[in-house]
$ cat structure36.txt   # compact mmCIF, C-alpha atoms and all ligand atoms
# COMPACT_ATOMS: atom_id res chain seq x y z
CA MET A 1 108.85 -129.58 99.93
CA ASN A 2 108.79 -127.63 96.65
CA ILE A 3 105.48 -128.30 94.94
CA LEU A 4 104.48 -127.39 91.40
CA VAL A 5 100.72 -127.23 90.75
CA THR A 6 99.85 -127.08 87.05
CA GLY A 7 96.40 -125.85 85.97
CA GLY A 8 96.35 -123.65 89.07
CA GLY A 9 93.45 -121.58 87.72
CA GLY A 10 90.98 -124.50 87.59
CA GLN A 11 88.68 -125.79 90.34
CA LEU A 12 91.14 -128.13 92.03
CA GLY A 13 94.17 -125.91 91.41
CA SER A 14 92.35 -122.97 93.00
CA GLU A 15 91.40 -125.06 96.05
CA LEU A 16 95.05 -126.09 96.46
CA LYS A 17 96.08 -122.46 96.14
CA ALA A 18 93.53 -121.47 98.81
CA LEU A 19 94.96 -124.08 101.21
CA SER A 20 98.62 -123.38 100.46
CA PRO A 21 99.11 -120.57 103.05
CA ASN A 22 98.18 -123.12 105.78
CA THR A 23 101.13 -125.34 104.92
CA SER A 24 104.17 -123.18 105.59
CA GLU A 25 106.51 -126.18 105.35
CA HIS A 26 105.94 -126.26 101.58
CA ARG A 27 106.83 -123.82 98.86
CA PHE A 28 104.19 -123.81 96.13
CA TYR A 29 104.43 -122.76 92.50
CA PHE A 30 101.14 -122.03 90.71
CA PRO A 31 102.12 -120.95 87.19
CA ASP A 32 99.19 -120.11 84.95
CA ARG A 33 98.76 -121.61 81.52
CA ASP A 34 100.73 -118.79 79.85
CA GLU A 35 103.67 -119.32 82.20
CA LEU A 36 103.57 -123.10 81.99
CA ASP A 37 101.69 -124.81 79.18
CA ILE A 38 102.04 -128.50 80.02
CA THR A 39 102.05 -129.40 76.32
CA ASP A 40 105.25 -127.40 75.77
CA PRO A 41 108.22 -129.61 76.74
CA VAL A 42 110.71 -126.76 76.47
CA LYS A 43 108.77 -124.61 78.94
CA VAL A 44 108.14 -127.52 81.31
CA ASN A 45 111.81 -128.55 81.36
CA ARG A 46 113.02 -124.99 81.75
CA PHE A 47 110.60 -124.38 84.62
CA CYS A 48 111.81 -127.49 86.43
CA ARG A 49 115.48 -126.62 85.83
CA GLU A 50 114.96 -123.14 87.24
CA ASN A 51 112.92 -124.26 90.27
CA PRO A 52 113.78 -127.12 92.64
CA ILE A 53 110.53 -129.05 92.18
CA GLU A 54 110.13 -132.21 94.30
CA VAL A 55 106.41 -132.88 93.75
CA MET A 56 104.26 -132.04 90.73
CA VAL A 57 100.47 -132.02 91.04
CA ASN A 58 98.92 -132.00 87.59
CA CYS A 59 95.53 -130.28 87.80
CA ALA A 60 95.76 -129.08 84.18
CA ALA A 61 93.31 -130.84 81.89
CA TYR A 62 90.96 -130.47 78.97
CA THR A 63 87.69 -131.01 80.86
CA ALA A 64 85.04 -129.99 78.32
CA VAL A 65 83.52 -133.48 77.98
CA ASP A 66 81.10 -132.68 75.14
CA ARG A 67 83.42 -130.38 73.20
CA ALA A 68 86.11 -133.07 73.25
CA GLN A 69 83.97 -135.20 70.90
CA SER A 70 84.62 -132.75 68.05
CA ASP A 71 87.95 -131.44 69.34
CA ALA A 72 89.78 -134.71 69.94
CA GLU A 73 93.17 -133.37 68.90
CA ALA A 74 93.10 -130.68 71.60
CA ALA A 75 91.77 -133.11 74.22
CA PHE A 76 94.52 -135.67 73.53
CA LEU A 77 97.16 -132.94 73.44
CA VAL A 78 96.33 -131.72 76.96
CA ASN A 79 95.15 -135.00 78.53
CA ARG A 80 97.68 -137.42 77.02
CA GLU A 81 100.70 -135.52 75.63
CA GLY A 82 100.78 -133.03 78.55
CA PRO A 83 100.95 -135.75 81.24
CA ALA A 84 103.60 -137.60 79.18
CA ILE A 85 105.74 -134.42 79.11
CA LEU A 86 105.31 -133.89 82.86
CA ALA A 87 106.10 -137.58 83.48
CA ALA A 88 109.38 -137.34 81.53
CA CYS A 89 110.32 -134.19 83.41
CA ALA A 90 109.43 -135.78 86.78
CA ARG A 91 111.61 -138.77 85.85
CA ASP A 92 114.53 -136.52 84.90
CA ILE A 93 114.46 -134.46 88.10
CA GLY A 94 113.46 -137.33 90.44
CA ALA A 95 110.12 -135.78 91.42
CA LEU A 96 106.84 -137.44 92.40
CA LEU A 97 104.05 -136.82 89.88
CA VAL A 98 100.55 -136.67 91.35
CA HIS A 99 98.09 -136.78 88.46
CA LEU A 100 94.32 -136.42 88.40
CA SER A 101 92.05 -138.60 86.32
CA THR A 102 88.38 -139.40 86.06
CA ASP A 103 85.53 -141.86 86.63
CA TYR A 104 84.81 -141.42 82.89
CA VAL A 105 87.54 -143.97 82.13
CA PHE A 106 84.79 -146.53 82.95
CA ASP A 107 81.82 -147.43 80.78
CA GLY A 108 79.28 -147.61 83.63
CA GLN A 109 78.26 -151.23 83.01
CA SER A 110 79.22 -152.29 86.54
CA SER A 111 76.67 -152.58 89.32
CA THR A 112 79.22 -152.42 92.13
CA PRO A 113 81.65 -149.57 92.89
CA TYR A 114 84.62 -149.56 90.52
CA ARG A 115 87.96 -150.60 91.97
CA GLU A 116 91.31 -149.39 90.73
CA ILE A 117 92.03 -152.78 89.13
CA ASP A 118 88.82 -152.82 87.06
CA PRO A 119 89.48 -152.56 83.33
CA PRO A 120 88.75 -149.10 81.90
CA SER A 121 86.53 -148.82 78.85
CA PRO A 122 85.87 -145.13 78.21
CA LEU A 123 82.76 -144.18 76.26
CA GLY A 124 83.92 -140.82 74.89
CA ILE A 125 86.97 -138.86 73.76
CA TYR A 126 87.48 -137.13 77.11
CA GLY A 127 87.53 -140.44 79.00
CA ARG A 128 89.81 -142.03 76.39
CA SER A 129 92.24 -139.12 76.44
CA LYS A 130 92.40 -139.25 80.25
CA TRP A 131 92.96 -143.02 80.22
CA GLU A 132 95.78 -142.69 77.68
CA GLY A 133 97.29 -139.92 79.83
CA GLU A 134 97.27 -142.30 82.81
CA GLU A 135 98.98 -144.97 80.74
CA CYS A 136 101.75 -142.56 79.65
CA ILE A 137 102.42 -141.72 83.27
CA ARG A 138 102.58 -145.40 84.27
CA LYS A 139 105.12 -146.03 81.51
CA ILE A 140 107.29 -142.94 81.97
CA ALA A 141 107.22 -141.64 85.57
CA PRO A 142 109.13 -143.89 87.98
CA SER A 143 107.28 -142.32 90.94
CA HIS A 144 103.63 -141.38 90.48
CA LEU A 145 100.22 -141.36 92.10
CA ILE A 146 97.19 -141.27 89.82
CA ILE A 147 94.01 -140.16 91.57
CA ARG A 148 90.70 -140.68 89.79
CA THR A 149 87.86 -138.52 90.98
CA SER A 150 84.26 -137.79 89.94
CA TRP A 151 81.71 -134.98 89.59
CA LEU A 152 84.02 -132.24 90.94
CA TYR A 153 82.60 -128.96 92.19
CA SER A 154 84.08 -125.98 93.99
CA VAL A 155 83.40 -122.36 94.83
CA TYR A 156 85.90 -121.68 92.03
CA GLY A 157 85.28 -122.22 88.33
CA HIS A 158 82.24 -123.60 86.57
CA ASN A 159 80.35 -126.64 87.78
CA PHE A 160 76.97 -128.33 88.22
CA VAL A 161 76.30 -126.77 91.64
CA LYS A 162 76.64 -123.25 90.30
CA THR A 163 74.55 -124.09 87.25
CA MET A 164 71.76 -125.42 89.51
CA LEU A 165 71.94 -122.32 91.76
CA ARG A 166 71.64 -120.10 88.71
CA LEU A 167 68.73 -122.10 87.27
CA GLY A 168 67.09 -122.39 90.69
CA ALA A 169 67.18 -118.63 91.15
CA GLY A 170 65.42 -118.05 87.83
CA LYS A 171 63.14 -121.02 87.08
CA ASP A 172 60.21 -122.67 88.83
CA GLU A 173 60.84 -126.09 87.28
CA ILE A 174 64.10 -127.86 86.40
CA ARG A 175 64.56 -131.23 84.71
CA VAL A 176 67.63 -133.26 85.69
CA VAL A 177 68.73 -136.75 84.67
CA SER A 178 68.14 -139.44 87.27
CA ASP A 179 69.67 -142.44 85.49
CA GLN A 180 73.32 -141.43 85.84
CA VAL A 181 74.61 -142.37 89.27
CA GLY A 182 77.93 -141.42 90.87
CA ALA A 183 79.45 -139.42 93.69
CA PRO A 184 79.75 -135.63 93.73
CA THR A 185 83.17 -134.62 95.01
CA SER A 186 84.18 -131.40 96.68
CA ALA A 187 87.42 -130.14 95.12
CA ALA A 188 88.21 -128.62 98.53
CA ASP A 189 88.11 -132.09 100.15
CA LEU A 190 90.21 -133.54 97.35
CA ALA A 191 92.77 -130.73 97.71
CA GLU A 192 93.03 -131.46 101.44
CA ALA A 193 93.47 -135.16 100.73
CA ILE A 194 96.25 -134.44 98.22
CA LEU A 195 98.08 -132.23 100.73
CA SER A 196 97.71 -134.85 103.43
CA ILE A 197 99.19 -137.47 101.06
CA ILE A 198 102.09 -135.14 100.20
CA ALA A 199 102.67 -134.52 103.93
CA ARG A 200 103.32 -138.25 104.34
CA TYR A 201 105.30 -138.67 101.11
CA ASP A 202 108.79 -140.10 101.57
CA PRO A 203 111.14 -138.92 98.77
CA GLU A 204 113.31 -142.01 99.41
CA CYS A 205 110.48 -144.26 98.16
CA LEU A 206 109.08 -144.78 94.68
CA TYR A 207 105.29 -144.72 94.34
CA ARG A 208 103.36 -146.44 91.56
CA GLU A 209 99.71 -146.38 92.59
CA THR A 210 96.30 -145.57 91.18
CA TYR A 211 93.60 -144.45 93.62
CA HIS A 212 89.93 -143.61 93.59
CA TYR A 213 88.88 -140.55 95.58
CA ALA A 214 85.26 -139.35 95.71
CA ASN A 215 83.07 -138.11 98.52
CA GLU A 216 81.20 -140.81 100.45
CA GLY A 217 77.71 -141.78 99.36
CA VAL A 218 76.02 -142.30 96.02
CA CYS A 219 73.43 -140.26 94.16
CA SER A 220 72.08 -139.38 90.75
CA TRP A 221 72.41 -135.92 89.19
CA TYR A 222 68.71 -135.53 90.05
CA ASP A 223 69.33 -136.35 93.76
CA PHE A 224 72.26 -133.94 93.72
CA ALA A 225 70.12 -131.16 92.23
CA VAL A 226 67.37 -131.75 94.81
CA ALA A 227 69.95 -131.48 97.63
CA ILE A 228 71.35 -128.26 96.15
CA MET A 229 67.88 -126.71 96.04
CA GLU A 230 67.09 -127.87 99.59
CA LEU A 231 70.35 -126.68 101.14
CA ALA A 232 70.25 -123.40 99.25
CA GLY A 233 66.59 -122.84 100.21
CA LEU A 234 65.52 -122.50 96.59
CA SER A 235 61.93 -123.40 95.78
CA SER A 236 62.39 -124.63 92.19
CA ARG A 237 60.86 -128.06 91.65
CA VAL A 238 63.30 -130.60 90.26
CA HIS A 239 61.86 -133.29 87.97
CA PRO A 240 63.69 -136.55 87.21
CA ILE A 241 64.21 -137.35 83.53
CA GLY A 242 66.03 -140.06 81.61
CA SER A 243 69.29 -139.43 79.75
CA ASP A 244 67.33 -140.00 76.53
CA GLN A 245 65.32 -136.84 77.35
CA TYR A 246 68.53 -134.80 77.75
CA PRO A 247 70.73 -135.68 74.79
CA GLN A 248 74.38 -134.73 75.23
CA THR A 249 77.13 -134.88 72.64
CA ALA A 250 79.34 -137.23 74.66
CA PRO A 251 77.98 -140.47 76.08
CA ARG A 252 78.26 -140.70 79.88
CA PRO A 253 78.51 -143.79 82.08
CA HIS A 254 75.20 -144.58 83.81
CA TYR A 255 77.06 -145.82 86.86
CA SER A 256 80.43 -144.42 87.88
CA VAL A 257 80.59 -145.00 91.63
CA MET A 258 84.17 -145.69 92.70
CA ASN A 259 85.40 -147.76 95.61
CA THR A 260 87.65 -145.49 97.68
CA SER A 261 88.81 -147.99 100.31
CA LEU A 262 92.39 -148.22 98.94
CA VAL A 263 93.23 -144.51 99.31
CA VAL A 264 91.56 -144.49 102.73
CA SER A 265 93.58 -147.44 104.03
CA ASP A 266 96.92 -146.49 102.43
CA TRP A 267 96.88 -142.86 103.56
CA GLY A 268 94.57 -142.89 106.60
CA LEU A 269 92.10 -140.48 105.01
CA GLU A 270 88.62 -139.73 106.29
CA ILE A 271 86.35 -138.88 103.39
CA PRO A 272 83.25 -136.78 104.16
CA HIS A 273 79.79 -137.61 102.79
CA TRP A 274 78.91 -135.67 99.63
CA ARG A 275 75.92 -133.98 101.27
CA SER A 276 77.90 -132.53 104.19
CA SER A 277 80.62 -131.33 101.81
CA LEU A 278 77.97 -129.71 99.59
CA GLU A 279 76.68 -127.84 102.63
CA VAL A 280 80.21 -126.64 103.44
CA MET A 281 80.70 -125.47 99.85
CA LEU A 282 77.41 -123.55 99.82
CA LYS A 283 78.27 -121.82 103.09
CA LYS A 284 81.68 -120.90 101.73
CA LEU A 285 80.07 -119.52 98.59
CA LEU A 286 77.85 -117.34 100.75
CA SER A 287 80.70 -116.11 102.89
CA LEU A 288 82.64 -115.17 99.76
CA GLU A 289 79.57 -113.31 98.58
CA ASP A 290 79.14 -111.63 101.96
CA LYS A 291 82.63 -110.25 101.57
CA GLY A 292 81.25 -108.33 98.61
CA LYS A 293 83.25 -109.94 95.86
CA SER A 294 80.41 -109.64 93.37
CA SER A 295 77.39 -107.61 92.52
CA ASP A 296 74.14 -109.14 91.04
CA GLU A 297 71.81 -109.84 93.89
CA ARG A 298 69.99 -113.12 94.45
CA GLU A 299 68.32 -114.44 97.50
CA PHE A 300 68.53 -117.94 98.82
CA CYS A 301 69.14 -119.55 102.13
CA VAL A 302 71.33 -122.23 103.59
CA LYS A 303 69.59 -124.35 106.23
CA GLY A 304 66.53 -122.13 106.26
CA LYS A 305 68.38 -118.87 106.87
CA ALA A 306 67.70 -116.39 104.08
CA VAL A 307 70.79 -114.66 102.85
CA ASN A 308 71.23 -112.04 100.20
CA VAL A 309 73.61 -113.47 97.72
CA ILE A 310 75.58 -111.25 95.46
CA CYS A 311 76.58 -113.35 92.60
CA LYS A 312 78.31 -111.69 89.71
CA ASN A 313 81.62 -113.51 90.09
CA VAL A 314 80.59 -116.73 91.69
CA LEU A 315 77.23 -117.56 90.12
CA LYS A 316 78.12 -116.68 86.59
N1 LIG B 401 85.49 -131.32 86.68
C1 LIG B 401 85.06 -132.57 86.94
O1 LIG B 401 83.86 -132.82 87.13
C2 LIG B 401 86.05 -133.69 87.00
C3 LIG B 401 85.58 -134.99 87.24
C4 LIG B 401 86.50 -136.03 87.31
C5 LIG B 401 87.86 -135.78 87.15
N2 LIG B 401 88.29 -134.51 86.90
C6 LIG B 401 89.72 -134.30 86.73
O2 LIG B 401 90.19 -133.53 87.84
C7 LIG B 401 91.24 -132.66 87.42
C8 LIG B 401 90.93 -131.23 87.83
O3 LIG B 401 89.70 -130.85 87.22
P1 LIG B 401 89.10 -129.39 87.39
O4 LIG B 401 87.63 -129.53 87.45
O5 LIG B 401 89.84 -128.64 88.44
O6 LIG B 401 89.48 -128.79 85.95
P2 LIG B 401 89.23 -127.31 85.40
O7 LIG B 401 88.51 -126.50 86.41
O8 LIG B 401 88.69 -127.45 84.03
O9 LIG B 401 90.73 -126.75 85.32
C9 LIG B 401 91.65 -127.22 84.39
C10 LIG B 401 92.75 -126.19 84.32
O10 LIG B 401 93.74 -126.67 83.39
C11 LIG B 401 94.16 -125.56 82.63
N3 LIG B 401 94.78 -126.02 81.38
C12 LIG B 401 94.18 -126.50 80.27
N4 LIG B 401 95.09 -126.79 79.34
C13 LIG B 401 96.31 -126.48 79.88
C14 LIG B 401 97.64 -126.55 79.40
N5 LIG B 401 97.91 -127.00 78.18
N6 LIG B 401 98.64 -126.17 80.23
C15 LIG B 401 98.37 -125.69 81.46
N7 LIG B 401 97.14 -125.59 81.96
C16 LIG B 401 96.11 -125.98 81.18
C17 LIG B 401 92.90 -124.77 82.38
O11 LIG B 401 93.24 -123.47 81.98
P3 LIG B 401 92.20 -122.68 81.00
O12 LIG B 401 91.02 -122.38 81.86
O13 LIG B 401 93.01 -121.49 80.60
O14 LIG B 401 91.88 -123.62 79.87
C18 LIG B 401 92.28 -124.83 83.79
O15 LIG B 401 92.81 -123.80 84.61
C19 LIG B 401 91.39 -132.87 85.90
O16 LIG B 401 92.41 -133.80 85.68
C20 LIG B 401 90.06 -133.49 85.50
O17 LIG B 401 90.19 -134.31 84.35
C21 LIG B 401 87.42 -133.46 86.84
$ encode --input "structure36.txt" --output "structure tokens"
Amino acid sequence: MNILVTGGGGQLGSELKALSPNTSEHRFYFPDRDELDITDPVKVNRFCRENPIEVMVNCAAYTAVDRAQSDAEAAFLVNREGPAILAACARDIGALLVHLSTDYVFDGQSSTPYREIDPPSPLGIYGRSKWEGEECIRKIAPSHLIIRTSWLYSVYGHNFVKTMLRLGAGKDEIRVVSDQVGAPTSAADLAEAILSIIARYDPECLYRETYHYANEGVCSWYDFAVAIMELAGLSSRVHPIGSDQYPQTAPRPHYSVMNTSLVVSDWGLEIPHWRSSLEVMLKKLLSLEDKGKSSDEREFCVKGKAVNVICKNVLK
């Protein structure tokens, strides 16, 4: 299978790239943003004419949730127009488009895990732009899978886990909101799930599905921060606060837990619990550091074992 991954430099794109050598039956293309800007139809069409793409995985997105509030034009360009351009190209070349979306399409008023059929009602520009991107794909791409995920983190890129490690290494006390509840998701697990779906993809069939994929379990950002400190052996005390004590530019849903049973039953996936995946990620971060990829020393431990962590590249 010839697979195009857009946004290959982001968290999820990088995890797919890291896994790609294990799947020799596929040929992957990971163009960076300069080589393939998804908002440029000429470049997208030329790329797909020049390369025999059968599956597109769109990991490119405008993900700065707060900045999107004052930069709506850019957010809609990347999160709505970009997917529409990819969808038209996928239609023209007969490819499957796998697109990533977000729990922020929901308003958080539910008290039970969101199902794929629940009506979206995004609170902010980012969520709205992602929802409109989904809708473009449903209208334009004859064969598509839309996968909504939540609270992504990875050894690559910037995310909450790395922010907490940085704060935990330098502060005795940290305040983290406890009234926003969801499911942290390892981008490495999601990348594996996407590859396992593609492995079972039948090009003779048309796909028109929306799925929810998040790690098992539920927690607040506060619970997540406490787990990060525990597993990393950091002694900073984490204090729960309300969202009103941590004002952010974009409103966030208070509850964005998603029901993942559909993707599990359709594709036979086993989804790990968020805490075990967090542990895996922290160990991977340490092993990357042990290989000497960075310089700025910090000390923390995973499961009680103190490790010198060199963190210029990874904990920045
Ligand atoms: N991060 C989360 O917590 C989260 C939660 C739920 C859902 N999601 C969704 O999951 C998907 C993957 O997220 P992620 O965390 O991996 O995102 P990410 O780390 O922010 O990566 C996004 C990538 O897209 C690239 N990009 C932006 N505009 C582009 C364009 N016009 N053309 C080509 N590439 C472009 C970015 O390049 P530059 O760095 O050069 O801008 C970056 O490499 C996204 O669809 C996101 O909406 C993320």
$ closest_atom_pairs --input "structure36.txt" --of "range 95-203 of chain A" --to "range 222-229 of chain A" --cutoff "7 Å" --atoms "all atoms listed in the file" --output "JSON lines"
{"residue": "A:Val161", "atom": "CA", "partner": "A:Ile228", "partner_atom": "CA", "distance": 6.9}
{"residue": "A:Met164", "atom": "CA", "partner": "A:Ala225", "partner_atom": "CA", "distance": 6.6}
{"residue": "A:Gly168", "atom": "CA", "partner": "A:Met229", "partner_atom": "CA", "distance": 6.9}
{"residue": "A:Val176", "atom": "CA", "partner": "A:Tyr222", "partner_atom": "CA", "distance": 5.0}
{"residue": "A:Val177", "atom": "CA", "partner": "A:Tyr222", "partner_atom": "CA", "distance": 5.5}
{"residue": "A:Ser178", "atom": "CA", "partner": "A:Tyr222", "partner_atom": "CA", "distance": 4.8}
$ closest_residue --input "structure36.txt" --among "A:Gln109, A:Thr149, A:Ser220, A:Ser129" --to "Phe76 in chain A" --atoms "only C-alpha atoms"
A:Ser129
$ residues_around --input "structure36.txt" --residues "Trp274 in chain A" --least-positions-apart "3" --cutoff "12 Å" --atoms "all atoms listed in the file" --output "MDAnalysis selection string"
chainID A and resid 150:153 182:190 213:220 223:224 227:228 271 277:281
$ write_last_selection --input "structure36.txt" --atoms "C-alpha atoms" --output "PDB file, keeping the file's coordinate frame"
ATOM      1  CA  SER A 150      84.260-137.790  89.940  1.00  0.00           C
ATOM      2  CA  TRP A 151      81.710-134.980  89.590  1.00  0.00           C
ATOM      3  CA  LEU A 152      84.020-132.240  90.940  1.00  0.00           C
ATOM      4  CA  TYR A 153      82.600-128.960  92.190  1.00  0.00           C
ATOM      5  CA  GLY A 182      77.930-141.420  90.870  1.00  0.00           C
ATOM      6  CA  ALA A 183      79.450-139.420  93.690  1.00  0.00           C
ATOM      7  CA  PRO A 184      79.750-135.630  93.730  1.00  0.00           C
ATOM      8  CA  THR A 185      83.170-134.620  95.010  1.00  0.00           C
ATOM      9  CA  SER A 186      84.180-131.400  96.680  1.00  0.00           C
ATOM     10  CA  ALA A 187      87.420-130.140  95.120  1.00  0.00           C
ATOM     11  CA  ALA A 188      88.210-128.620  98.530  1.00  0.00           C
ATOM     12  CA  ASP A 189      88.110-132.090 100.150  1.00  0.00           C
ATOM     13  CA  LEU A 190      90.210-133.540  97.350  1.00  0.00           C
ATOM     14  CA  TYR A 213      88.880-140.550  95.580  1.00  0.00           C
ATOM     15  CA  ALA A 214      85.260-139.350  95.710  1.00  0.00           C
ATOM     16  CA  ASN A 215      83.070-138.110  98.520  1.00  0.00           C
ATOM     17  CA  GLU A 216      81.200-140.810 100.450  1.00  0.00           C
ATOM     18  CA  GLY A 217      77.710-141.780  99.360  1.00  0.00           C
ATOM     19  CA  VAL A 218      76.020-142.300  96.020  1.00  0.00           C
ATOM     20  CA  CYS A 219      73.430-140.260  94.160  1.00  0.00           C
ATOM     21  CA  SER A 220      72.080-139.380  90.750  1.00  0.00           C
ATOM     22  CA  ASP A 223      69.330-136.350  93.760  1.00  0.00           C
ATOM     23  CA  PHE A 224      72.260-133.940  93.720  1.00  0.00           C
ATOM     24  CA  ALA A 227      69.950-131.480  97.630  1.00  0.00           C
ATOM     25  CA  ILE A 228      71.350-128.260  96.150  1.00  0.00           C
ATOM     26  CA  ILE A 271      86.350-138.880 103.390  1.00  0.00           C
ATOM     27  CA  SER A 277      80.620-131.330 101.810  1.00  0.00           C
ATOM     28  CA  LEU A 278      77.970-129.710  99.590  1.00  0.00           C
ATOM     29  CA  GLU A 279      76.680-127.840 102.630  1.00  0.00           C
ATOM     30  CA  VAL A 280      80.210-126.640 103.440  1.00  0.00           C
ATOM     31  CA  MET A 281      80.700-125.470  99.850  1.00  0.00           C
TER      32      MET A 281
END
$ closest_residue --input "structure36.txt" --among "A:Leu12, A:Val105, A:Val155, A:Met56" --to "ligand LIG 401 (chain B)" --atoms "only C-alpha atoms and all ligand atoms"
A:Leu12
$ residues_near_ligand --input "structure36.txt" --ligand "ligand LIG 401 (chain B)" --cutoff "6 Å" --atoms "all atoms listed in the file" --output "NGL selection string"
:A and (6-13 or 33 or 36-39 or 59-63 or 78 or 100-103 or 149-152 or 157)
$ residues_around --input "structure36.txt" --residues "range 123-126 of chain A" --least-positions-apart "5" --cutoff "6 Å" --atoms "all atoms listed in the file" --output "CSV table (one decimal) with C-alpha atoms, in the coordinates of the input"
chain,number,residue,atom,x,y,z
A,65,VAL,CA,83.5,-133.5,78.0
A,68,ALA,CA,86.1,-133.1,73.2
A,69,GLN,CA,84.0,-135.2,70.9
A,107,ASP,CA,81.8,-147.4,80.8
A,250,ALA,CA,79.3,-137.2,74.7
$ atom_distance --input "structure36.txt" --atom1 "CA of Cys136 in chain A" --atom2 "CA of Arg115 in chain A"
20.2 Å
$ closest_residue --input "structure36.txt" --among "A:Asp172, A:His158, A:Ser24, A:Ala72" --to "Ser235 in chain A" --atoms "only C-alpha atoms"
A:Asp172
$ closest_residue --input "structure36.txt" --among "A:Arg166, A:Arg200, A:Arg67, A:Arg175" --to "Pro251 in chain A" --atoms "only C-alpha atoms"
A:Arg67
$ closest_residue --input "structure36.txt" --among "A:Lys284, A:His212, A:Arg91, A:Lys43" --to "Val263 in chain A" --atoms "all atoms listed in the file"
A:His212
$ closest_residue --input "structure36.txt" --among "A:Ile137, A:Leu16, A:Ile53, A:Ile147" --to "Leu4 in chain A" --atoms "only C-alpha atoms"
A:Ile53
$ atom_distance --input "structure36.txt" --atom1 "CA of Met258 in chain A" --atom2 "CA of Arg148 in chain A"
8.7 Å
$ atom_distance --input "structure36.txt" --atom1 "CA of Ile194 in chain A" --atom2 "CA of Leu97 in chain A"
11.7 Å
$ decode --input "structure36.txt" --residues "range 180-220 of chain A" --atoms "C-alpha atoms" --output "CSV table (one decimal), in the first residue's frame"
chain,number,residue,atom,x,y,z
A,180,GLN,CA,-12.2,19.1,33.0
A,181,VAL,CA,-12.5,15.4,32.5
A,182,GLY,CA,-11.4,13.3,29.5
A,183,ALA,CA,-9.0,10.6,28.4
A,184,PRO,CA,-5.3,11.2,27.7
A,185,THR,CA,-4.3,9.4,24.5
A,186,SER,CA,-0.9,8.2,23.6
A,187,ALA,CA,-0.2,9.2,20.0
A,188,ALA,CA,2.0,6.0,19.7
A,189,ASP,CA,-1.1,3.9,20.5
A,190,LEU,CA,-3.2,5.8,18.0
A,191,ALA,CA,-0.5,5.4,15.3
A,192,GLU,CA,-0.5,1.7,15.9
A,193,ALA,CA,-4.3,1.6,15.7
A,194,ILE,CA,-4.3,3.5,12.4
A,195,LEU,CA,-1.7,1.1,10.9
A,196,SER,CA,-3.7,-1.9,12.1
A,197,ILE,CA,-6.9,-0.4,10.5
A,198,ILE,CA,-4.9,0.2,7.2
A,199,ALA,CA,-3.6,-3.4,7.3
A,200,ARG,CA,-7.2,-4.6,7.2
A,201,TYR,CA,-8.4,-2.0,4.7
A,202,ASP,CA,-9.9,-3.5,1.5
A,203,PRO,CA,-9.5,-1.1,-1.5
A,204,GLU,CA,-12.5,-2.8,-3.1
A,205,CYS,CA,-14.8,-1.4,-0.4
A,206,LEU,CA,-15.9,2.2,0.3
A,207,TYR,CA,-15.7,3.4,3.9
A,208,ARG,CA,-17.8,6.1,5.4
A,209,GLU,CA,-17.3,6.0,9.2
A,210,THR,CA,-16.6,8.2,12.1
A,211,TYR,CA,-14.8,6.7,15.1
A,212,HIS,CA,-13.8,7.6,18.6
A,213,TYR,CA,-10.3,6.5,19.7
A,214,ALA,CA,-8.9,7.4,23.1
A,215,ASN,CA,-7.0,5.4,25.7
A,216,GLU,CA,-9.1,3.5,28.2
A,217,GLY,CA,-10.1,5.1,31.5
A,218,VAL,CA,-11.1,8.6,32.5
A,219,CYS,CA,-9.3,11.3,34.4
A,220,SER,CA,-9.1,15.1,35.0
